[in-house]
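> Contents of query_5.json (JSON, C-alpha atoms and all ligand atoms) are given next:
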```json
[["chain", "number", "residue", "atom", "x", "y", "z"],
["A", 1, "MET", "CA", 17.09, -26.05, 6.43],
["A", 2, "LEU", "CA", 13.52, -25.01, 7.17],
["A", 3, "TYR", "CA", 10.78, -24.61, 4.56],
["A", 4, "SER", "CA", 7.46, -22.82, 4.59],
["A", 5, "VAL", "CA", 4.70, -24.92, 2.98],
["A", 6, "LYS", "CA", 1.47, -23.09, 2.16],
["A", 7, "MET", "CA", -1.73, -24.36, 0.60],
["A", 8, "ARG", "CA", -4.86, -22.49, -0.41],
["A", 9, "SER", "CA", -7.77, -23.94, -2.30],
["A", 10, "SER", "CA", -10.94, -22.61, -3.89],
["A", 11, "ALA", "CA", -13.92, -23.72, -5.91],
["A", 12, "GLY", "CA", -15.26, -22.28, -9.18],
["A", 13, "ALA", "CA", -12.18, -20.17, -9.90],
["A", 14, "PRO", "CA", -8.82, -19.31, -8.32],
["A", 15, "HIS", "CA", -9.05, -16.90, -5.36],
["A", 16, "GLU", "CA", -7.70, -14.04, -7.51],
["A", 17, "ARG", "CA", -10.62, -14.48, -9.93],
["A", 18, "GLY", "CA", -13.33, -14.61, -7.28],
["A", 19, "GLY", "CA", -13.36, -18.34, -6.50],
["A", 20, "ARG", "CA", -15.05, -19.48, -3.30],
["A", 21, "HIS", "CA", -12.49, -20.10, -0.56],
["A", 22, "ILE", "CA", -12.38, -23.76, 0.53],
["A", 23, "SER", "CA", -9.38, -24.17, 2.77],
["A", 24, "GLY", "CA", -5.89, -22.99, 3.60],
["A", 25, "ALA", "CA", -3.03, -24.32, 5.67],
["A", 26, "GLU", "CA", 0.53, -23.52, 6.48],
["A", 27, "ARG", "CA", 3.43, -25.33, 8.13],
["A", 28, "ILE", "CA", 7.12, -24.61, 8.63],
["A", 29, "VAL", "CA", 9.01, -27.91, 8.45],
["A", 30, "GLU", "CA", 12.40, -29.53, 7.97],
["A", 31, "GLY", "CA", 13.34, -30.66, 4.44],
["A", 32, "GLY", "CA", 12.72, -34.32, 5.33],
["A", 33, "GLU", "CA", 9.08, -33.59, 6.18],
["A", 34, "LEU", "CA", 8.21, -31.81, 2.92],
["A", 35, "GLU", "CA", 6.59, -34.68, 0.98],
["A", 36, "GLU", "CA", 4.46, -35.85, 3.90],
["A", 37, "THR", "CA", 3.36, -32.27, 4.70],
["A", 38, "ALA", "CA", 2.46, -31.45, 1.08],
["A", 39, "ALA", "CA", 0.50, -34.72, 0.68],
["A", 40, "ALA", "CA", -1.50, -34.02, 3.88],
["A", 41, "MET", "CA", -2.38, -30.55, 2.61],
["A", 42, "LEU", "CA", -3.53, -31.84, -0.79],
["A", 43, "ARG", "CA", -5.70, -34.42, 0.94],
["A", 44, "ARG", "CA", -7.22, -31.72, 3.10],
["A", 45, "ALA", "CA", -7.99, -29.46, 0.11],
["A", 46, "ARG", "CA", -9.74, -32.30, -1.71],
["A", 47, "THR", "CA", -11.83, -33.57, 1.20],
["A", 48, "HIS", "CA", -12.74, -30.41, 3.11],
["A", 49, "PRO", "CA", -16.20, -30.09, 4.76],
["A", 50, "ARG", "CA", -16.69, -26.82, 2.84],
["A", 51, "GLY", "CA", -16.57, -28.82, -0.40],
["A", 52, "GLY", "CA", -14.04, -30.24, -2.85],
["A", 53, "ALA", "CA", -11.53, -27.79, -4.33],
["A", 54, "ASP", "CA", -11.16, -27.13, -8.07],
["A", 55, "PHE", "CA", -8.04, -24.98, -7.62],
["A", 56, "ILE", "CA", -5.22, -25.85, -5.25],
["A", 57, "ASN", "CA", -2.20, -23.63, -4.84],
["A", 58, "LEU", "CA", 0.79, -25.20, -3.06],
["A", 59, "LYS", "CA", 3.83, -23.01, -2.39],
["A", 60, "ILE", "CA", 7.11, -24.16, -0.86],
["A", 61, "GLU", "CA", 9.85, -21.67, 0.06],
["A", 62, "ALA", "CA", 13.07, -21.88, 2.07],
["A", 63, "VAL", "CA", 12.95, -19.87, 5.31],
["A", 64, "ASN", "CA", 15.81, -17.54, 6.24],
["A", 65, "ILE", "CA", 16.49, -18.82, 9.75],
["A", 66, "GLU", "CA", 18.19, -15.57, 10.77],
["A", 67, "ARG", "CA", 14.94, -13.66, 10.30],
["A", 68, "VAL", "CA", 12.83, -16.01, 12.45],
["A", 69, "LEU", "CA", 11.34, -14.67, 15.71],
["A", 70, "TYR", "CA", 10.47, -16.97, 18.61],
["A", 71, "LYS", "CA", 7.39, -16.24, 20.75],
["A", 72, "PRO", "CA", 5.46, -18.16, 23.44],
["A", 73, "LEU", "CA", 2.30, -20.14, 22.72],
["A", 74, "LEU", "CA", -0.65, -18.71, 24.62],
["A", 75, "PRO", "CA", -2.03, -20.76, 27.51],
["A", 76, "VAL", "CA", -5.44, -22.32, 26.73],
["A", 77, "THR", "CA", -8.50, -22.01, 28.98],
["A", 78, "GLU", "CA", -11.77, -23.75, 28.10],
["A", 79, "LEU", "CA", -14.94, -21.85, 28.89],
["A", 80, "SER", "CA", -18.45, -23.25, 28.75],
["A", 81, "ALA", "CA", -21.51, -22.00, 26.89],
["A", 82, "ALA", "CA", -24.85, -23.72, 26.34],
["A", 83, "GLY", "CA", -25.52, -22.16, 22.93],
["A", 84, "LYS", "CA", -24.55, -19.53, 20.38],
["A", 85, "GLU", "CA", -26.15, -16.60, 22.25],
["A", 86, "GLU", "CA", -24.33, -17.42, 25.47],
["A", 87, "GLY", "CA", -21.08, -18.05, 23.58],
["A", 88, "ARG", "CA", -21.23, -14.64, 21.90],
["A", 89, "ARG", "CA", -22.14, -12.91, 25.17],
["A", 90, "ILE", "CA", -19.13, -14.51, 26.86],
["A", 91, "ALA", "CA", -16.91, -13.50, 23.95],
["A", 92, "LEU", "CA", -17.98, -9.86, 24.34],
["A", 93, "GLU", "CA", -17.21, -9.99, 28.07],
["A", 94, "GLU", "CA", -13.80, -11.53, 27.39],
["A", 95, "LEU", "CA", -12.95, -8.84, 24.84],
["A", 96, "VAL", "CA", -13.88, -6.06, 27.25],
["A", 97, "ARG", "CA", -11.82, -7.72, 29.98],
["A", 98, "ALA", "CA", -8.86, -7.72, 27.56],
["A", 99, "GLY", "CA", -9.16, -3.94, 27.10],
["A", 100, "VAL", "CA", -11.46, -3.62, 24.06],
["A", 101, "THR", "CA", -14.28, -1.09, 24.50],
["A", 102, "PRO", "CA", -17.84, -2.53, 24.50],
["A", 103, "ARG", "CA", -18.51, -0.54, 21.33],
["A", 104, "ALA", "CA", -15.51, -1.99, 19.47],
["A", 105, "ALA", "CA", -16.22, -5.52, 20.76],
["A", 106, "LYS", "CA", -19.79, -5.29, 19.44],
["A", 107, "ALA", "CA", -18.58, -3.87, 16.12],
["A", 108, "GLY", "CA", -16.15, -6.81, 15.73],
["A", 109, "MET", "CA", -18.81, -9.38, 16.54],
["A", 110, "GLU", "CA", -21.18, -7.77, 14.03],
["A", 111, "LYS", "CA", -18.48, -7.69, 11.33],
["A", 112, "ILE", "CA", -18.19, -11.49, 11.43],
["A", 113, "ALA", "CA", -21.90, -12.14, 11.99],
["A", 114, "ALA", "CA", -22.84, -9.95, 8.99],
["A", 115, "LEU", "CA", -20.61, -11.76, 6.50],
["A", 116, "ALA", "CA", -22.54, -13.45, 3.70],
["A", 117, "GLU", "CA", -19.45, -15.55, 2.86],
["A", 118, "SER", "CA", -16.26, -16.14, 4.79],
["A", 119, "ILE", "CA", -13.34, -13.94, 3.80],
["A", 120, "ARG", "CA", -9.76, -15.22, 3.75],
["A", 121, "GLY", "CA", -8.25, -12.58, 5.99],
["A", 122, "ALA", "CA", -8.93, -10.91, 9.32],
["A", 123, "PHE", "CA", -10.54, -7.55, 9.96],
["A", 124, "LEU", "CA", -8.40, -5.04, 11.84],
["A", 125, "LEU", "CA", -10.49, -2.81, 14.10],
["A", 126, "ASP", "CA", -9.46, -0.01, 16.43],
["A", 127, "SER", "CA", -9.91, -1.41, 19.96],
["A", 128, "GLY", "CA", -11.37, 1.90, 21.13],
["A", 129, "SER", "CA", -13.62, 3.17, 18.35],
["A", 130, "GLY", "CA", -14.30, -0.10, 16.50],
["A", 131, "GLU", "CA", -13.37, 1.63, 13.23],
["A", 132, "ARG", "CA", -11.94, -0.65, 10.51],
["A", 133, "LEU", "CA", -8.21, -0.06, 10.01],
["A", 134, "ASP", "CA", -7.33, -2.36, 7.11],
["A", 135, "ASP", "CA", -8.55, -1.69, 3.55],
["A", 136, "PRO", "CA", -12.33, -1.29, 3.99],
["A", 137, "GLU", "CA", -12.95, -2.76, 0.51],
["A", 138, "GLY", "CA", -10.44, -5.58, 0.93],
["A", 139, "SER", "CA", -10.77, -9.17, 2.08],
["A", 140, "GLY", "CA", -8.88, -8.65, 5.33],
["A", 141, "VAL", "CA", -5.33, -9.34, 6.44],
["A", 142, "ARG", "CA", -4.24, -12.94, 6.07],
["A", 143, "VAL", "CA", -1.89, -14.06, 8.83],
["A", 144, "SER", "CA", 0.99, -16.14, 7.54],
["A", 145, "GLY", "CA", 4.52, -17.28, 8.37],
["A", 146, "MET", "CA", 4.04, -19.21, 11.61],
["A", 147, "ASP", "CA", 4.18, -22.68, 13.10],
["A", 148, "CYS", "CA", 5.08, -24.32, 16.38],
["A", 149, "ASP", "CA", 8.78, -24.87, 16.97],
["A", 150, "GLU", "CA", 8.48, -28.47, 18.16],
["A", 151, "ALA", "CA", 5.50, -30.00, 16.34],
["A", 152, "GLY", "CA", 5.56, -33.35, 18.20],
["A", 153, "GLU", "CA", 5.81, -31.77, 21.64],
["A", 154, "TYR", "CA", 3.05, -29.30, 20.73],
["A", 155, "LEU", "CA", 0.64, -32.00, 19.54],
["A", 156, "ARG", "CA", 1.31, -34.09, 22.63],
["A", 157, "SER", "CA", 0.60, -31.13, 24.90],
["A", 158, "LEU", "CA", -2.74, -30.51, 23.16],
["A", 159, "GLU", "CA", -3.69, -34.18, 23.17],
["A", 160, "ALA", "CA", -2.89, -34.47, 26.87],
["A", 161, "ARG", "CA", -5.73, -31.98, 27.39],
["A", 162, "GLY", "CA", -8.09, -33.77, 24.99],
["A", 163, "LEU", "CA", -7.62, -31.08, 22.32],
["A", 164, "ARG", "CA", -7.41, -32.71, 18.89],
["A", 165, "GLY", "CA", -7.57, -31.69, 15.24],
["A", 166, "GLU", "CA", -6.28, -29.12, 12.81],
["A", 167, "HIS", "CA", -8.61, -26.32, 13.94],
["A", 168, "ILE", "CA", -7.16, -25.82, 17.39],
["A", 169, "ARG", "CA", -3.66, -26.76, 16.30],
["A", 170, "GLU", "CA", -3.60, -23.96, 13.73],
["A", 171, "ALA", "CA", -5.75, -21.40, 15.52],
["A", 172, "LEU", "CA", -3.61, -21.45, 18.68],
["A", 173, "VAL", "CA", -0.43, -20.92, 16.66],
["A", 174, "LEU", "CA", -2.00, -18.05, 14.71],
["A", 175, "ALA", "CA", -3.47, -16.41, 17.82],
["A", 176, "SER", "CA", -0.12, -16.71, 19.63],
["A", 177, "LYS", "CA", 1.75, -15.08, 16.75],
["A", 178, "ALA", "CA", -0.73, -12.17, 16.67],
["A", 179, "ALA", "CA", -0.74, -11.74, 20.46],
["A", 180, "GLY", "CA", 3.05, -11.53, 20.26],
["A", 181, "HIS", "CA", 2.78, -8.09, 18.63],
["A", 182, "ASP", "CA", 2.38, -5.06, 20.91],
["A", 183, "GLY", "CA", -0.21, -3.54, 18.56],
["A", 184, "VAL", "CA", -2.75, -6.33, 19.11],
["A", 185, "ALA", "CA", -5.04, -5.91, 22.13],
["A", 186, "ALA", "CA", -7.21, -8.99, 21.49],
["A", 187, "GLU", "CA", -8.61, -11.30, 18.83],
["A", 188, "LEU", "CA", -12.07, -12.73, 18.21],
["A", 189, "CYS", "CA", -12.56, -15.75, 15.94],
["A", 190, "TRP", "CA", -14.93, -18.52, 15.08],
["A", 191, "SER", "CA", -14.60, -21.20, 12.47],
["A", 192, "ASP", "CA", -16.03, -21.20, 8.96],
["A", 193, "ASP", "CA", -16.19, -25.00, 8.93],
["A", 194, "PRO", "CA", -19.94, -25.82, 8.89],
["A", 195, "GLY", "CA", -19.34, -28.78, 11.19],
["A", 196, "TYR", "CA", -17.26, -26.87, 13.75],
["A", 197, "VAL", "CA", -18.90, -24.31, 16.05],
["A", 198, "THR", "CA", -16.01, -23.48, 18.41],
["A", 199, "GLY", "CA", -14.43, -20.05, 18.64],
["A", 200, "TYR", "CA", -12.18, -18.07, 20.94],
["A", 201, "VAL", "CA", -11.03, -14.75, 22.30],
["A", 202, "ALA", "CA", -7.25, -14.41, 22.59],
["A", 203, "SER", "CA", -5.04, -11.81, 24.22],
["A", 204, "ARG", "CA", -1.53, -11.68, 25.61],
["A", 205, "THR", "CA", -2.90, -10.95, 29.10],
["A", 206, "PHE", "CA", -5.52, -13.71, 29.38],
["A", 207, "GLY", "CA", -4.33, -16.26, 26.80],
["A", 208, "TYR", "CA", -6.47, -18.32, 24.43],
["A", 209, "ARG", "CA", -10.02, -18.45, 25.86],
["A", 210, "ARG", "CA", -11.87, -21.18, 24.04],
["A", 211, "ILE", "CA", -15.66, -20.88, 23.67],
["A", 212, "PRO", "CA", -17.44, -24.11, 22.62],
["A", 213, "VAL", "CA", -20.37, -22.58, 20.68],
["A", 214, "MET", "CA", -20.23, -19.41, 18.63],
["A", 215, "LYS", "CA", -22.56, -20.22, 15.73],
["A", 216, "ASP", "CA", -25.18, -22.71, 14.53],
["A", 217, "LEU", "CA", -24.13, -26.14, 13.33],
["A", 218, "GLY", "CA", -24.15, -26.16, 9.50],
["A", 219, "ASP", "CA", -23.33, -22.43, 9.21],
["A", 220, "PRO", "CA", -20.40, -22.13, 6.73],
["A", 221, "VAL", "CA", -19.49, -18.57, 7.74],
["A", 222, "GLY", "CA", -16.85, -17.65, 10.29],
["A", 223, "GLY", "CA", -14.12, -15.07, 10.58],
["A", 224, "ARG", "CA", -11.47, -13.31, 12.59],
["A", 225, "VAL", "CA", -11.03, -9.80, 13.99],
["A", 226, "PHE", "CA", -7.92, -8.26, 15.52],
["A", 227, "PHE", "CA", -8.57, -5.35, 17.87],
["A", 228, "VAL", "CA", -5.66, -2.94, 17.54],
["A", 229, "ASN", "CA", -4.32, -0.68, 20.28],
["A", 230, "PRO", "CA", -4.80, 3.02, 19.47],
["A", 231, "GLY", "CA", -1.61, 4.56, 18.13],
["A", 232, "ALA", "CA", -0.18, 1.27, 16.76],
["A", 233, "ASP", "CA", 1.73, 1.48, 13.47],
["A", 234, "ILE", "CA", -0.83, -0.23, 11.20],
["A", 235, "ALA", "CA", 1.50, -0.77, 8.23],
["A", 236, "ALA", "CA", 4.13, -2.40, 10.49],
["A", 237, "LEU", "CA", 1.48, -4.58, 12.14],
["A", 238, "ILE", "CA", 0.12, -5.76, 8.78],
["A", 239, "GLU", "CA", 3.65, -6.55, 7.60],
["A", 240, "TYR", "CA", 4.27, -8.56, 10.81],
["A", 241, "LEU", "CA", 0.99, -10.49, 10.49],
["A", 242, "ARG", "CA", 1.48, -11.23, 6.79],
["A", 243, "ARG", "CA", 5.18, -11.85, 6.44],
["A", 244, "GLN", "CA", 7.21, -12.12, 9.64],
["A", 245, "THR", "CA", 8.19, -15.75, 10.26],
["A", 246, "VAL", "CA", 7.43, -16.65, 13.89],
["A", 247, "LEU", "CA", 7.97, -20.00, 15.59],
["A", 248, "LEU", "CA", 5.91, -20.53, 18.72],
["A", 249, "ARG", "CA", 7.30, -22.29, 21.75],
["A", 250, "LEU", "CA", 5.54, -24.02, 24.62],
["A", 251, "GLY", "CA", 5.78, -22.20, 27.93],
["A", 252, "ARG", "CA", 8.65, -19.92, 26.83],
["A", 301, "LIG", "C1", -10.87, -22.16, 12.17],
["A", 301, "LIG", "O1", -10.37, -23.25, 12.13],
["A", 301, "LIG", "O2", -11.44, -21.71, 11.20],
["A", 301, "LIG", "C2", -10.84, -21.36, 13.42],
["A", 301, "LIG", "C3", -10.91, -22.25, 14.60],
["A", 301, "LIG", "C4", -11.40, -21.58, 15.83],
["A", 301, "LIG", "C5", -11.47, -22.46, 17.05],
["A", 301, "LIG", "C6", -10.38, -23.47, 17.20],
["A", 301, "LIG", "C7", -10.48, -24.26, 18.51],
["A", 301, "LIG", "O3", -10.05, -23.75, 19.55],
["A", 301, "LIG", "O4", -10.96, -25.38, 18.49]]
```
Take the structure in this file and express it as C-alpha cells.

Amino acid sequence: MLYSVKMRSSAGAPHERGGRHISGAERIVEGGELEETAAAMLRRARTHPRGGADFINLKIEAVNIERVLYKPLLPVTELSAAGKEEGRRIALEELVRAGVTPRAAKAGMEKIAALAESIRGAFLLDSGSGERLDDPEGSGVRVSGMDCDEAGEYLRSLEARGLRGEHIREALVLASKAAGHDGVAAELCWSDDPGYVTGYVASRTFGYRRIPVMKDLGDPVGGRVFFVNPGADIAALIEYLRRQTVLLRLGR
C-alpha cells in the first residue's frame, strides 16, 4: 500500500488565517517508511532557514494505486550565470526557446520579482499573452500528488551528478509532473529559501535547465510560474496539478 504524506508549516497563524508560509513537503511512500518520512518532515518544519514554524500540518492518506499515472523525470542540464542579472536573462531566453512569447516570459519574471512575500502556489500565465489564468486574487495553484517511483535510484542518480539536497530533489519531481501535461509549455521557478539562489526553466522539449543564480543571497522571496499553451482546458490542468497522483520514473 502506498501513502501520500504532506506537511505544510507556517508562523504566526495557520495558512488559512494568514500565517506566514515557512515550508512544505510531500512524499509518496510505502507503509513501512511512514514514521521515518513524517519525522523528517517535522524536523524540516522546525529548523527551516525561513524560520521556525508555529503551526505544522501533517496529513497522511492512502493512495489509490489504480489512479496513479507514471511519467518520465525530465533530464537535467546545468547552465552557468555569473550573477542574478545574467541568470534572469538566460531564463528569459530559455523560456522563449521553449515557445513562450517574450512578452509572456517577461510578465512571468515580473510576477515573481514583484512579490513582497512568497506565495504557496504557482501563477498560471498564458504563454502567448502573459495574462494570468488562475484566480487573480488567489495565492496560486499548489502542485501536489507526486514523487519519484524509486526514491533510492533517484537519489543515487542525482548524487552521481553532484546534485544534493531537498530543493533539487523536490523541484525536479514537481517540474516533471507539470511538464507531463500537454497544457504546460514551460515553467519558471526560483527558490524562496534565503540561503538558496538557484532556479530553473523547465519544459518537456528541453528538460530541466538549472540556472545557478536567480536572486540575491538572503532574499526570502521566490516563486513559480507555469506558462500555459493557448486553448488548454484550465480547469482540467488545475485539477491535474493539484490532485492527480503522478509517480516519476528515470529515463522512461
Ligand atoms: C525551491 O526549493 O523552492 C525551488 C528550488 C528551485 C531550484 C532547485 C534546484 O535545481 O536546485
> Which residues sit within 8 Å of ligand LIG 301 (chain A), counting all atoms listed in the file, listed as a tab-separated table (two decimals) with C-alpha atoms, in the coordinates of the input?

```tsv
chain	number	residue	atom	x	y	z
A	163	LEU	CA	-7.62	-31.08	22.32
A	165	GLY	CA	-7.57	-31.69	15.24
A	166	GLU	CA	-6.28	-29.12	12.81
A	167	HIS	CA	-8.61	-26.32	13.94
A	168	ILE	CA	-7.16	-25.82	17.39
A	169	ARG	CA	-3.66	-26.76	16.30
A	170	GLU	CA	-3.60	-23.96	13.73
A	171	ALA	CA	-5.75	-21.40	15.52
A	172	LEU	CA	-3.61	-21.45	18.68
A	189	CYS	CA	-12.56	-15.75	15.94
A	190	TRP	CA	-14.93	-18.52	15.08
A	191	SER	CA	-14.60	-21.20	12.47
A	192	ASP	CA	-16.03	-21.20	8.96
A	193	ASP	CA	-16.19	-25.00	8.93
A	196	TYR	CA	-17.26	-26.87	13.75
A	197	VAL	CA	-18.90	-24.31	16.05
A	198	THR	CA	-16.01	-23.48	18.41
A	199	GLY	CA	-14.43	-20.05	18.64
A	200	TYR	CA	-12.18	-18.07	20.94
A	210	ARG	CA	-11.87	-21.18	24.04
A	211	ILE	CA	-15.66	-20.88	23.67
A	212	PRO	CA	-17.44	-24.11	22.62
A	222	GLY	CA	-16.85	-17.65	10.29
A	223	GLY	CA	-14.12	-15.07	10.58
```
> Excluding same-chain residues fewer than 3 positions from Glu110 of chain A, what lies within 12 Å of it counting only C-alpha atoms, as JSON, numbers by chain?
{"A": [88, 92, 103, 104, 105, 106, 107, 113, 114, 115, 116, 123, 125, 130, 188, 189, 222, 223, 224, 225]}
> Find the spatial neighbours of Arg27 of chain A, counting all atoms listed in the file, within a cut-off of 9 Å - ignore same-chain residues fewer than 6 positions away - and output them as a ChimeraX atom specification.
/A:3-6,37,145-148
> Fewer than 3 positions away in the same chain doesn't count, so skip those; otherwise give me all residues within 12 Å of Leu34 of chain A, counting all atoms listed in the file, as a PyMOL selection string.
chain A and resi 1-6+26-31+37-41+58-62
> Pick out the residues sitting within 12 Å of Tyr70 of chain A, and hand them over as an NGL selection string; count only C-alpha atoms, and ignore anything fewer than 6 positions along from it in its own chain.
:A and (145-150 or 173 or 176-177 or 180-181 or 244-252)
> Could you save the residues just selected, with C-alpha atoms, as an mmCIF file, in the coordinates of the input?

```cif
data_model
loop_
_atom_site.group_PDB
_atom_site.id
_atom_site.type_symbol
_atom_site.label_atom_id
_atom_site.label_comp_id
_atom_site.auth_asym_id
_atom_site.auth_seq_id
_atom_site.Cartn_x
_atom_site.Cartn_y
_atom_site.Cartn_z
ATOM 1 C CA GLY A 145 4.520 -17.280 8.370
ATOM 2 C CA MET A 146 4.040 -19.210 11.610
ATOM 3 C CA ASP A 147 4.180 -22.680 13.100
ATOM 4 C CA CYS A 148 5.080 -24.320 16.380
ATOM 5 C CA ASP A 149 8.780 -24.870 16.970
ATOM 6 C CA GLU A 150 8.480 -28.470 18.160
ATOM 7 C CA VAL A 173 -0.430 -20.920 16.660
ATOM 8 C CA SER A 176 -0.120 -16.710 19.630
ATOM 9 C CA LYS A 177 1.750 -15.080 16.750
ATOM 10 C CA GLY A 180 3.050 -11.530 20.260
ATOM 11 C CA HIS A 181 2.780 -8.090 18.630
ATOM 12 C CA GLN A 244 7.210 -12.120 9.640
ATOM 13 C CA THR A 245 8.190 -15.750 10.260
ATOM 14 C CA VAL A 246 7.430 -16.650 13.890
ATOM 15 C CA LEU A 247 7.970 -20.000 15.590
ATOM 16 C CA LEU A 248 5.910 -20.530 18.720
ATOM 17 C CA ARG A 249 7.300 -22.290 21.750
ATOM 18 C CA LEU A 250 5.540 -24.020 24.620
ATOM 19 C CA GLY A 251 5.780 -22.200 27.930
ATOM 20 C CA ARG A 252 8.650 -19.920 26.830
#
```
> How many Å separate atom CA of Glu94 of chain A from atom CA of Leu174 of chain A?
18.5 Å
> Atom CA of Glu86 of chain A and atom CA of Met109 of chain A are how many Å apart?
13.2 Å
> May I ask which of the residues A:Pro220, A:Gly207, A:Gly183, A:Gly24 is the closest one to Ile234 of chain A, counting all atoms listed in the file?
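The shortest atom-to-atom distance to Ile234 of chain A comes from A:Gly183.
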> So, counting only C-alpha atoms, which residue among A:Asn229, A:Ser9, A:Thr77, A:Asn64 is closest to Leu42 of chain A?
A:Ser9
> With all atoms listed in the file as the basis for distance, which of A:Ile90, A:Leu241, A:Val96, A:Ala175 is at the shortest distance from Gly140 of chain A?
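Closest to Gly140 of chain A, using all atoms listed in the file: A:Leu241.
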> My structure is short of atoms at segment 122-136 of chain A; please model N, CA, C and O atoms there, returning them as a PDB file, keeping the file's coordinate frame.

```pdb
ATOM      1  N   ALA A 122      -8.322 -11.404   8.082  1.00  0.00           N
ATOM      2  CA  ALA A 122      -8.930 -10.910   9.320  1.00  0.00           C
ATOM      3  C   ALA A 122      -9.211  -9.421   9.195  1.00  0.00           C
ATOM      4  O   ALA A 122      -8.469  -8.688   8.544  1.00  0.00           O
ATOM      5  N   PHE A 123     -10.284  -8.989   9.850  1.00  0.00           N
ATOM      6  CA  PHE A 123     -10.540  -7.550   9.960  1.00  0.00           C
ATOM      7  C   PHE A 123      -9.618  -6.977  11.035  1.00  0.00           C
ATOM      8  O   PHE A 123      -9.393  -7.623  12.068  1.00  0.00           O
ATOM      9  N   LEU A 124      -9.154  -5.766  10.808  1.00  0.00           N
ATOM     10  CA  LEU A 124      -8.400  -5.040  11.840  1.00  0.00           C
ATOM     11  C   LEU A 124      -9.287  -3.894  12.302  1.00  0.00           C
ATOM     12  O   LEU A 124      -9.646  -3.030  11.494  1.00  0.00           O
ATOM     13  N   LEU A 125      -9.640  -3.892  13.586  1.00  0.00           N
ATOM     14  CA  LEU A 125     -10.490  -2.810  14.100  1.00  0.00           C
ATOM     15  C   LEU A 125      -9.785  -2.085  15.233  1.00  0.00           C
ATOM     16  O   LEU A 125      -9.075  -2.726  16.041  1.00  0.00           O
ATOM     17  N   ASP A 126      -9.997  -0.786  15.319  1.00  0.00           N
ATOM     18  CA  ASP A 126      -9.460  -0.010  16.430  1.00  0.00           C
ATOM     19  C   ASP A 126     -10.136  -0.493  17.726  1.00  0.00           C
ATOM     20  O   ASP A 126     -11.370  -0.572  17.785  1.00  0.00           O
ATOM     21  N   SER A 127      -9.336  -0.811  18.744  1.00  0.00           N
ATOM     22  CA  SER A 127      -9.910  -1.410  19.960  1.00  0.00           C
ATOM     23  C   SER A 127     -10.701  -0.396  20.784  1.00  0.00           C
ATOM     24  O   SER A 127     -11.385  -0.770  21.728  1.00  0.00           O
ATOM     25  N   GLY A 128     -10.591   0.889  20.426  1.00  0.00           N
ATOM     26  CA  GLY A 128     -11.370   1.900  21.130  1.00  0.00           C
ATOM     27  C   GLY A 128     -12.638   2.258  20.376  1.00  0.00           C
ATOM     28  O   GLY A 128     -13.750   2.128  20.894  1.00  0.00           O
ATOM     29  N   SER A 129     -12.474   2.662  19.112  1.00  0.00           N
ATOM     30  CA  SER A 129     -13.620   3.170  18.350  1.00  0.00           C
ATOM     31  C   SER A 129     -14.365   2.072  17.589  1.00  0.00           C
ATOM     32  O   SER A 129     -15.519   2.249  17.204  1.00  0.00           O
ATOM     33  N   GLY A 130     -13.692   0.961  17.306  1.00  0.00           N
ATOM     34  CA  GLY A 130     -14.300  -0.100  16.500  1.00  0.00           C
ATOM     35  C   GLY A 130     -14.194   0.174  15.007  1.00  0.00           C
ATOM     36  O   GLY A 130     -14.690  -0.604  14.188  1.00  0.00           O
ATOM     37  N   GLU A 131     -13.515   1.267  14.644  1.00  0.00           N
ATOM     38  CA  GLU A 131     -13.370   1.630  13.230  1.00  0.00           C
ATOM     39  C   GLU A 131     -12.441   0.632  12.516  1.00  0.00           C
ATOM     40  O   GLU A 131     -11.451   0.175  13.102  1.00  0.00           O
ATOM     41  N   ARG A 132     -12.778   0.304  11.260  1.00  0.00           N
ATOM     42  CA  ARG A 132     -11.940  -0.650  10.510  1.00  0.00           C
ATOM     43  C   ARG A 132     -10.630   0.018  10.075  1.00  0.00           C
ATOM     44  O   ARG A 132     -10.653   1.130   9.524  1.00  0.00           O
ATOM     45  N   LEU A 133      -9.516  -0.652  10.276  1.00  0.00           N
ATOM     46  CA  LEU A 133      -8.210  -0.060  10.010  1.00  0.00           C
ATOM     47  C   LEU A 133      -7.516  -0.622   8.769  1.00  0.00           C
ATOM     48  O   LEU A 133      -6.627   0.001   8.218  1.00  0.00           O
ATOM     49  N   ASP A 134      -7.893  -1.833   8.354  1.00  0.00           N
ATOM     50  CA  ASP A 134      -7.330  -2.360   7.110  1.00  0.00           C
ATOM     51  C   ASP A 134      -8.203  -1.863   5.963  1.00  0.00           C
ATOM     52  O   ASP A 134      -9.219  -1.199   6.202  1.00  0.00           O
ATOM     53  N   ASP A 135      -7.818  -2.167   4.734  1.00  0.00           N
ATOM     54  CA  ASP A 135      -8.550  -1.690   3.550  1.00  0.00           C
ATOM     55  C   ASP A 135     -10.043  -2.025   3.663  1.00  0.00           C
ATOM     56  O   ASP A 135     -10.413  -3.210   3.661  1.00  0.00           O
ATOM     57  N   PRO A 136     -10.902  -1.013   3.759  1.00  0.00           N
ATOM     58  CA  PRO A 136     -12.330  -1.290   3.990  1.00  0.00           C
ATOM     59  C   PRO A 136     -12.990  -2.062   2.853  1.00  0.00           C
ATOM     60  O   PRO A 136     -14.005  -2.717   3.052  1.00  0.00           O
TER      61      PRO A 136
END
```
